[in-house]
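Visitor: The structure file start-v2.txt (compact mmCIF, C-alpha atoms) is provided below.
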```
# COMPACT_ATOMS: atom_id res chain seq x y z
CA MET A 1 10.91 -21.25 0.66
CA PRO A 2 11.60 -18.06 -1.32
CA SER A 3 11.48 -14.70 0.40
CA ILE A 4 8.24 -12.97 -0.57
CA GLY A 5 8.05 -9.25 -1.27
CA LEU A 6 4.59 -7.68 -1.04
CA ALA A 7 3.92 -4.34 -2.77
CA LEU A 8 0.68 -2.63 -1.72
CA GLY A 9 -0.60 0.06 -4.05
CA ALA A 10 -2.34 3.40 -3.74
CA GLY A 11 -6.11 3.70 -4.00
CA GLY A 12 -7.73 5.64 -1.17
CA ALA A 13 -10.59 3.76 0.48
CA ARG A 14 -10.21 0.97 -2.07
CA GLY A 15 -6.88 0.24 -0.39
CA PHE A 16 -8.74 -1.52 2.42
CA ALA A 17 -8.81 -4.48 0.03
CA HIS A 18 -5.17 -5.00 1.05
CA ILE A 19 -6.44 -6.22 4.42
CA GLY A 20 -8.46 -9.01 2.81
CA VAL A 21 -5.46 -9.99 0.69
CA LEU A 22 -3.22 -10.21 3.74
CA GLU A 23 -5.76 -12.36 5.56
CA VAL A 24 -5.92 -14.93 2.76
CA LEU A 25 -2.14 -15.01 2.29
CA GLU A 26 -1.70 -15.70 6.01
CA GLN A 27 -4.30 -18.48 5.93
CA HIS A 28 -2.22 -20.25 3.26
CA GLY A 29 1.12 -19.70 4.98
CA ILE A 30 2.28 -17.15 2.41
CA LEU A 31 4.02 -14.64 4.66
CA PRO A 32 5.85 -11.66 3.18
CA SER A 33 9.45 -11.12 4.21
CA TYR A 34 9.49 -7.60 2.75
CA LEU A 35 6.78 -4.95 2.53
CA ALA A 36 6.51 -1.78 0.45
CA GLY A 37 3.57 0.57 0.06
CA SER A 38 2.38 3.75 -1.60
CA SER A 39 -0.34 6.01 -0.18
CA MET A 40 -3.06 3.83 1.42
CA GLY A 41 -0.80 0.85 0.75
CA SER A 42 1.83 2.47 2.97
CA LEU A 43 -0.63 2.72 5.85
CA ILE A 44 -1.68 -0.94 5.63
CA ALA A 45 1.92 -2.11 5.14
CA SER A 46 3.13 -0.11 8.14
CA LEU A 47 0.40 -1.49 10.40
CA TYR A 48 1.10 -5.05 9.27
CA ALA A 49 4.83 -4.56 9.84
CA SER A 50 3.92 -3.20 13.27
CA GLU A 51 2.34 -6.60 14.10
CA PHE A 52 -1.29 -5.70 13.50
CA THR A 53 -3.17 -8.78 12.32
CA PRO A 54 -5.58 -8.52 9.37
CA LEU A 55 -8.45 -8.99 11.83
CA MET A 56 -7.23 -6.09 13.97
CA MET A 57 -6.90 -3.91 10.88
CA GLU A 58 -10.38 -4.86 9.69
CA LYS A 59 -11.90 -3.86 13.03
CA LEU A 60 -9.99 -0.60 12.89
CA ALA A 61 -11.15 0.11 9.32
CA ILE A 62 -14.79 -0.51 10.24
CA ASN A 63 -14.87 1.32 13.58
CA LEU A 64 -12.52 4.28 13.10
CA LYS A 65 -14.68 7.32 12.32
CA ARG A 66 -13.74 10.15 9.99
CA LYS A 67 -13.71 12.63 12.85
CA HIS A 68 -10.80 10.72 14.37
CA TRP A 69 -8.46 11.22 11.40
CA LEU A 70 -9.95 13.84 9.06
CA ASP A 71 -9.19 17.50 9.78
CA ILE A 72 -10.51 19.96 7.23
CA SER A 73 -8.39 23.10 6.84
CA MET A 74 -8.96 26.38 5.09
CA PRO A 75 -8.21 26.02 1.36
CA GLY A 76 -4.55 26.72 0.79
CA LEU A 77 -2.11 23.96 -0.11
CA GLY A 78 -4.84 21.38 0.53
CA PHE A 79 -8.25 20.87 2.14
CA VAL A 80 -7.07 18.33 4.73
CA SER A 81 -4.21 19.25 7.04
CA GLY A 82 -3.38 15.59 7.78
CA GLU A 83 -2.24 16.26 11.33
CA LYS A 84 -4.93 14.07 12.90
CA LEU A 85 -4.00 11.20 10.57
CA ARG A 86 -0.32 11.56 11.44
CA GLN A 87 -1.16 11.45 15.15
CA VAL A 88 -3.33 8.33 14.70
CA VAL A 89 -0.51 6.55 12.84
CA GLN A 90 1.97 7.66 15.49
CA LEU A 91 -0.26 6.16 18.19
CA LEU A 92 -0.94 2.90 16.34
CA THR A 93 2.73 2.32 15.49
CA LYS A 94 3.86 3.32 19.01
CA ASN A 95 6.04 6.12 17.62
CA ARG A 96 8.50 3.56 16.25
CA ASN A 97 11.06 3.97 13.51
CA ILE A 98 10.86 1.93 10.32
CA GLU A 99 14.23 0.32 11.02
CA GLU A 100 12.98 -0.96 14.39
CA LEU A 101 10.36 -3.24 12.83
CA SER A 102 10.88 -6.99 12.69
CA ARG A 103 9.82 -7.10 9.03
CA PRO A 104 11.64 -4.81 6.54
CA LEU A 105 9.38 -2.00 5.32
CA ALA A 106 9.69 0.67 2.64
CA ILE A 107 7.28 3.60 2.23
CA VAL A 108 7.12 5.59 -0.99
CA ALA A 109 6.41 9.31 -1.34
CA THR A 110 7.02 11.90 -4.06
CA ASP A 111 9.20 15.01 -3.85
CA LEU A 112 6.83 17.75 -5.01
CA GLN A 113 9.61 20.07 -6.15
CA THR A 114 11.77 17.62 -8.09
CA GLY A 115 9.27 14.88 -8.98
CA ASP A 116 11.67 12.27 -7.61
CA ARG A 117 10.53 9.16 -5.84
CA VAL A 118 11.42 9.20 -2.14
CA VAL A 119 11.73 5.81 -0.44
CA PHE A 120 11.68 5.74 3.35
CA LYS A 121 13.49 2.78 4.92
CA GLU A 122 14.30 4.48 8.19
CA GLY A 123 12.92 7.26 10.36
CA LYS A 124 9.56 7.65 12.08
CA ILE A 125 6.79 5.57 10.52
CA HIS A 126 4.19 8.28 11.06
CA HIS A 127 6.24 10.86 9.12
CA ALA A 128 6.67 8.53 6.16
CA VAL A 129 3.01 7.46 6.04
CA ARG A 130 1.77 11.05 6.38
CA ALA A 131 3.94 12.00 3.40
CA SER A 132 2.89 9.00 1.33
CA VAL A 133 -0.86 9.58 1.71
CA SER A 134 -0.73 13.26 0.73
CA ILE A 135 -3.05 13.20 -2.29
CA PRO A 136 -2.29 16.41 -4.24
CA GLY A 137 -5.02 19.01 -3.90
CA ILE A 138 -6.71 17.17 -1.03
CA PHE A 139 -4.01 16.80 1.64
CA VAL A 140 -1.60 19.57 2.50
CA PRO A 141 1.86 18.45 1.27
CA TYR A 142 4.05 17.22 4.11
CA LYS A 143 7.13 19.25 4.94
CA LEU A 144 9.96 17.02 6.12
CA ASP A 145 13.46 18.43 6.46
CA ASP A 146 13.93 20.47 3.28
CA LYS A 147 11.40 18.57 1.14
CA TRP A 148 7.72 19.02 0.36
CA LEU A 149 6.32 15.52 -0.04
CA VAL A 150 3.11 14.22 -1.63
CA ASP A 151 1.41 10.93 -2.46
CA GLY A 152 3.79 8.12 -3.38
CA GLY A 153 1.33 6.93 -6.00
CA VAL A 154 2.08 9.98 -8.14
CA VAL A 155 5.32 8.39 -9.34
CA ASP A 156 5.06 4.79 -8.11
CA ARG A 157 1.51 3.58 -7.55
CA VAL A 158 2.48 -0.03 -6.82
CA PRO A 159 6.14 -0.12 -5.65
CA ILE A 160 7.11 -3.46 -7.17
CA ASP A 161 10.72 -2.62 -7.96
CA VAL A 162 11.18 -1.18 -4.46
CA VAL A 163 10.25 -4.46 -2.76
CA ARG A 164 12.31 -6.42 -5.30
CA ASP A 165 15.36 -4.27 -4.55
CA MET A 166 14.87 -5.01 -0.86
CA GLY A 167 15.85 -8.61 -1.59
CA ALA A 168 12.64 -10.46 -2.41
CA ASP A 169 12.94 -13.66 -4.45
CA LEU A 170 9.29 -13.43 -5.54
CA THR A 171 7.14 -10.32 -5.69
CA ILE A 172 3.40 -10.12 -5.11
CA ALA A 173 1.74 -6.82 -6.02
CA VAL A 174 -1.75 -5.67 -5.07
CA ASP A 175 -3.21 -3.07 -7.43
CA VAL A 176 -6.53 -1.64 -6.24
CA ALA A 177 -6.71 1.03 -8.94
CA ALA A 178 -6.31 -1.03 -12.09
CA SER A 179 -9.80 -0.28 -13.45
CA PRO A 180 -11.55 3.06 -13.92
CA VAL A 181 -13.90 3.96 -11.08
CA SER A 182 -17.51 3.43 -12.09
CA THR A 183 -19.00 5.47 -9.23
CA PRO A 184 -20.41 8.94 -10.01
CA VAL A 185 -18.43 12.10 -9.33
CA ARG A 186 -20.22 13.88 -6.49
CA SER A 187 -17.70 16.28 -4.96
CA PHE A 188 -14.55 18.24 -5.63
CA PHE A 189 -12.69 15.52 -3.71
CA ASP A 190 -13.88 13.01 -6.32
CA VAL A 191 -12.79 15.31 -9.14
CA ILE A 192 -9.28 15.73 -7.73
CA TYR A 193 -8.83 12.11 -6.75
CA GLN A 194 -10.07 10.65 -10.01
CA THR A 195 -7.88 13.07 -12.00
CA VAL A 196 -4.82 11.95 -10.04
CA ASP A 197 -5.94 8.32 -10.34
CA ILE A 198 -6.15 8.56 -14.14
CA MET A 199 -2.61 9.97 -14.33
CA GLU A 200 -1.24 7.33 -11.97
CA ARG A 201 -2.93 4.56 -13.93
CA GLU A 202 -1.41 5.73 -17.21
CA ILE A 203 2.07 6.00 -15.70
CA PHE A 204 1.81 2.52 -14.21
CA ARG A 205 0.48 1.05 -17.46
CA HIS A 206 3.59 2.15 -19.32
CA ARG A 207 6.10 0.99 -16.71
CA SER A 208 8.24 -1.98 -17.67
CA VAL A 209 8.44 -3.40 -14.13
CA HIS A 210 6.10 -6.30 -13.44
CA ALA A 211 5.48 -8.42 -10.38
CA ASP A 212 5.72 -12.21 -10.38
CA ILE A 213 2.12 -12.25 -9.14
CA MET A 214 -0.39 -9.43 -9.57
CA ILE A 215 -3.58 -9.33 -7.49
CA ARG A 216 -6.30 -6.93 -8.66
CA PRO A 217 -9.36 -6.78 -6.36
CA ASP A 218 -12.58 -5.86 -8.14
CA VAL A 219 -13.21 -2.56 -6.35
CA GLY A 220 -14.10 -0.29 -9.25
CA ASN A 221 -17.67 0.08 -7.99
CA TYR A 222 -16.48 1.70 -4.77
CA SER A 223 -15.45 5.33 -4.37
CA SER A 224 -11.89 5.98 -3.30
CA THR A 225 -13.02 8.88 -1.15
CA SER A 226 -16.20 7.73 0.61
CA PHE A 227 -14.89 5.24 3.24
CA THR A 228 -18.44 3.90 3.67
CA HIS A 229 -18.10 0.37 2.24
CA ASN A 230 -14.96 -0.80 3.98
CA GLU A 231 -16.28 -4.28 4.84
CA GLN A 232 -17.27 -4.96 1.23
CA ILE A 233 -13.93 -3.67 -0.06
CA ILE A 234 -12.02 -5.94 2.35
CA GLU A 235 -14.11 -8.88 1.13
CA GLU A 236 -13.17 -8.08 -2.48
CA GLY A 237 -9.54 -8.32 -1.39
CA ARG A 238 -10.19 -11.79 0.04
CA ILE A 239 -11.92 -12.94 -3.14
CA ALA A 240 -9.13 -11.70 -5.42
CA ALA A 241 -6.38 -13.20 -3.26
CA GLN A 242 -8.12 -16.57 -2.97
CA LEU A 243 -8.32 -16.81 -6.76
CA MET A 244 -4.57 -16.21 -7.01
CA VAL A 245 -3.45 -18.64 -4.27
CA PRO A 246 -2.92 -21.59 -6.66
CA HIS A 247 -0.84 -19.39 -8.95
CA ILE A 248 1.24 -18.14 -6.02
CA GLN A 249 1.81 -21.70 -4.79
CA GLN A 250 2.85 -22.72 -8.30
CA LYS A 251 5.36 -19.86 -8.48
CA ILE A 252 6.78 -20.83 -5.09
CA GLU A 253 7.17 -24.45 -6.20
CA GLU A 254 8.81 -23.39 -9.48
CA TRP A 255 11.26 -21.23 -7.53
CA ARG A 256 12.05 -24.12 -5.18
CA ILE A 257 12.73 -26.54 -8.05
CA ASN A 258 14.85 -24.01 -9.95
CA ASN A 259 16.79 -23.13 -6.81
CA GLU A 260 17.52 -26.79 -6.03
CA SER A 261 18.61 -27.38 -9.62
CA GLN A 262 20.91 -24.38 -9.46
CA ARG A 263 22.51 -25.62 -6.24
CA LYS A 264 23.21 -29.01 -7.83
CA THR A 265 24.88 -27.45 -10.85
CA ASP A 266 26.97 -24.92 -8.90
CA PRO A 267 30.64 -25.96 -8.76
CA VAL A 268 31.93 -27.08 -5.39
CA VAL A 269 34.70 -24.79 -4.18
```
Kindly present the structure from the file in structure tokens form.

Guide:
Amino acid sequence: MPSIGLALGAGGARGFAHIGVLEVLEQHGILPSYLAGSSMGSLIASLYASEFTPLMMEKLAINLKRKHWLDISMPGLGFVSGEKLRQVVQLLTKNRNIEELSRPLAIVATDLQTGDRVVFKEGKIHHAVRASVSIPGIFVPYKLDDKWLVDGGVVDRVPIDVVRDMGADLTIAVDVAASPVSTPVRSFFDVIYQTVDIMEREIFRHRSVHADIMIRPDVGNYSSTSFTHNEQIIEEGRIAAQLMVPHIQQKIEEWRINNESQRKTDPVV
């Protein structure tokens, strides 16, 4: 069985589709050995690596109210301070470090001053997730050591090459922002988020890195900022993953056959 690397992409509320994807993969015995995530993908990946089941995450997504994680601040570097969210993640992950997890995890953020991609593979999970979800203009950038960090999706919306570099034989990517959002723009949050989303989409479209399997849930009809249709978004993740299961199984079988053939042809030392 090849080691599977799962890259979960940015997408705000649409990122709850990752939960449905994980549920279907588990049902078919397709378990990732490596996880990487950007923005909302980093939150789902960190919870999964912290031994939350898809069902537990679904209940959390449906029942967790905005007041529990959203803290509006005076306009300055952002409208949301993000401190409540950091505390929630700290509680859910039991204040653990990334390197303590049983399943290798990488979380992607962006250095606001240099534009460099920052990949967390150690340190507190809640610090890394708080940095990765910092949508520019909405969340206050996260100060960590000497860096100001923002949304990982700015430079790496779906961190495919990150999870491949971790050692995965096959990579599965989940892109929840592949299509333009068809919902109306109703607030300044929508304006900012959709502007960032357009830029991220263009950057990703021109990248040369591709996953072995790409899953794209049909979530374009749902706002990335509303968090009011989480159950439907999770279901779209299930539907998209189920459609790709035969293709994933085919890729796994092809890898197995090629690997066995390679072993037979390798010289005996």

Visitor: May I ask which of the residues A:Glu51, A:Asp165, A:Glu58, A:Asp156 is the closest one to Ala17 in chain A, counting all atoms listed in the file?

Guide: A:Glu58

Visitor: Which is closer to Pro159 in chain A than all the others in A:Gln242, A:Ser3, A:Ser42, A:Ser261, using all atoms listed in the file?

Guide: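 Closest to Pro159 in chain A, using all atoms listed in the file: A:Ser42.
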
Visitor: Could you list, as a VMD selection string, every residue within 8 Å of range 5-16 of chain A, counting only C-alpha atoms and ignoring same-chain residues fewer than 4 positions away?

Guide: chain A and resid 20 32 to 42 44 to 45 61 152 to 153 157 to 160 163 to 164 167 to 177 197 219 222 to 227 230 233 to 234 237

Visitor: Using CA of Leu112 in chain A and CA of Arg66 in chain A as the two end points, give the distance in Å to one decimal.

Guide: 26.6 Å

Visitor: With distances taken over all atoms listed in the file, which of A:Arg86, A:Ile4, A:Leu92, A:Ser134 is nearest to Pro104 in chain A?

Guide: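 Counting all atoms listed in the file, the residue closest to Pro104 in chain A is A:Ile4.
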
Visitor: Considering all atoms listed in the file, state which residue in the set A:Phe52, A:Phe79, A:Phe120, A:Phe139 is at the smallest distance from Thr93 in chain A.

Guide: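 For Thr93 in chain A, the nearest of the candidates is A:Phe52.
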
Visitor: Quote the spacing between CA of Thr228 in chain A and CA of Glu26 in chain A in Å to one decimal place.

Guide: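 Rounded to one decimal, the two atoms are 25.9 Å apart.
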
Visitor: So how far away is CA of Leu101 in chain A from CA of Leu25 in chain A, in Å?

Guide: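 According to the coordinates, CA of Leu25 in chain A and CA of Leu101 in chain A are separated by 20.1 Å.
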
Visitor: Might you pull out every residue within 10 Å of Lys251 in chain A, with all atoms listed in the file counted and same-chain residues fewer than 3 positions away left off, and present them as an MDAnalysis selection string?

Guide: chainID A and resid 2 170 212:213 245:248 254:257

Visitor: Counting all atoms listed in the file, which of A:Val89, A:Met166, A:Met1, A:Leu60 gets nearest to Lys124 in chain A?

Guide: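 For Lys124 in chain A, the nearest of the candidates is A:Val89.
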